[in-house]
Amino acid sequence: MIEYMNNKIIEVFIRSMEKIMKQTKPFDKCPICSGELVEKEVEKLLRGGVHTAIIKVKADVCLHCGERLYSQETVKLFEEIRRKLERKEVANFQPIGQSFHVTA
Ligand SMILES: [Zn+2]
């Protein structure tokens, strides 16, 4: 009976460890095509209202299909920047040029 209890505790412990591991690294293979992922610095285009911002961030990029996977912190950062763009809180952003809409 005691042995059984111990096994249960170990099982619960391993499961919670697996959960923690999954939180820090959500995928070790591409969720779209199971391709290999490599960490790369990528440029992400963010839009909010009429404004656009470009940010360089680290992402896990699939070598096969090019899918980009961002960490939770990075996704939060994107949301924050989008909100700032919508509210035109762009004083701390570095302007890089004008954007144009071209009618074909
Ligand atoms: Zn892929």
# chains A, B, ... in the order shown; residues from 1 in each chain; ligands from 1
>>> residues_near_ligand(ligand="ligand 1", cutoff="7 Å", atoms="only C-alpha atoms and all ligand atoms", output="list in words")
Cys30, Pro31, Ile32, Cys33, Ser34, Gly35, Cys62, Leu63, His64, Cys65, Gly66 and Glu67 of chain A
>>> write_last_selection(atoms="N, CA and C atoms", output="tab-separated table (two decimals), in the first residue's frame")
chain	number	residue	atom	x	y	z
A	30	CYS	N	7.34	21.58	-35.08
A	30	CYS	CA	6.32	22.45	-35.66
A	30	CYS	C	4.93	21.84	-35.47
A	31	PRO	N	3.96	22.60	-34.90
A	31	PRO	CA	2.61	22.06	-34.71
A	31	PRO	C	1.84	21.91	-36.02
A	32	ILE	N	2.33	22.53	-37.08
A	32	ILE	CA	1.65	22.46	-38.39
A	32	ILE	C	2.12	21.24	-39.18
A	33	CYS	N	3.47	21.07	-39.28
A	33	CYS	CA	3.99	20.03	-40.17
A	33	CYS	C	4.98	19.10	-39.49
A	34	SER	N	5.20	19.25	-38.16
A	34	SER	CA	6.16	18.44	-37.40
A	34	SER	C	7.61	18.65	-37.84
A	35	GLY	N	7.87	19.73	-38.54
A	35	GLY	CA	9.23	20.05	-38.97
A	35	GLY	C	10.10	20.50	-37.80
A	62	CYS	N	10.06	27.21	-38.13
A	62	CYS	CA	10.08	25.86	-38.71
A	62	CYS	C	10.93	25.86	-39.97
A	63	LEU	N	11.86	24.92	-40.04
A	63	LEU	CA	12.75	24.83	-41.20
A	63	LEU	C	12.00	24.33	-42.44
A	64	HIS	N	10.90	23.65	-42.20
A	64	HIS	CA	10.16	23.04	-43.31
A	64	HIS	C	9.13	24.01	-43.92
A	65	CYS	N	8.22	24.56	-43.09
A	65	CYS	CA	7.13	25.38	-43.64
A	65	CYS	C	7.25	26.87	-43.30
A	66	GLY	N	8.23	27.23	-42.45
A	66	GLY	CA	8.44	28.64	-42.14
A	66	GLY	C	7.53	29.20	-41.06
A	67	GLU	N	6.70	28.36	-40.46
A	67	GLU	CA	5.82	28.80	-39.37
A	67	GLU	C	6.66	29.39	-38.24
>>> residues_around(residues="stretch 45-57 of chain A", least_positions_apart="6", cutoff="8 Å", atoms="only C-alpha atoms", output="list in words")
Thr74, Phe78, Ile81, Arg82, Arg83, Lys84, Leu85, Glu86, Arg87 and Lys88 of chain A
>>> write_last_selection(atoms="C-alpha atoms", output="tab-separated table (two decimals), in the first residue's frame")
chain	number	residue	atom	x	y	z
A	74	THR	CA	6.69	38.06	-27.03
A	78	PHE	CA	3.00	42.44	-29.56
A	81	ILE	CA	2.63	47.59	-29.05
A	82	ARG	CA	-0.61	47.16	-31.01
A	83	ARG	CA	-2.52	48.90	-28.20
A	84	LYS	CA	0.01	51.75	-28.18
A	85	LEU	CA	-0.28	52.13	-31.94
A	86	GLU	CA	-4.07	52.30	-31.69
A	87	ARG	CA	-3.85	55.00	-29.01
A	88	LYS	CA	-1.13	56.80	-30.99
>>> atom_distance(atom1="atom CA of A:Lys58", atom2="atom CA of A:Gly97")
24.0 Å
>>> atom_distance(atom1="atom CA of A:Ile96", atom2="atom CA of A:Ala59")
22.9 Å
>>> atom_distance(atom1="atom CA of A:Val90", atom2="atom CA of A:Arg68")
26.1 Å
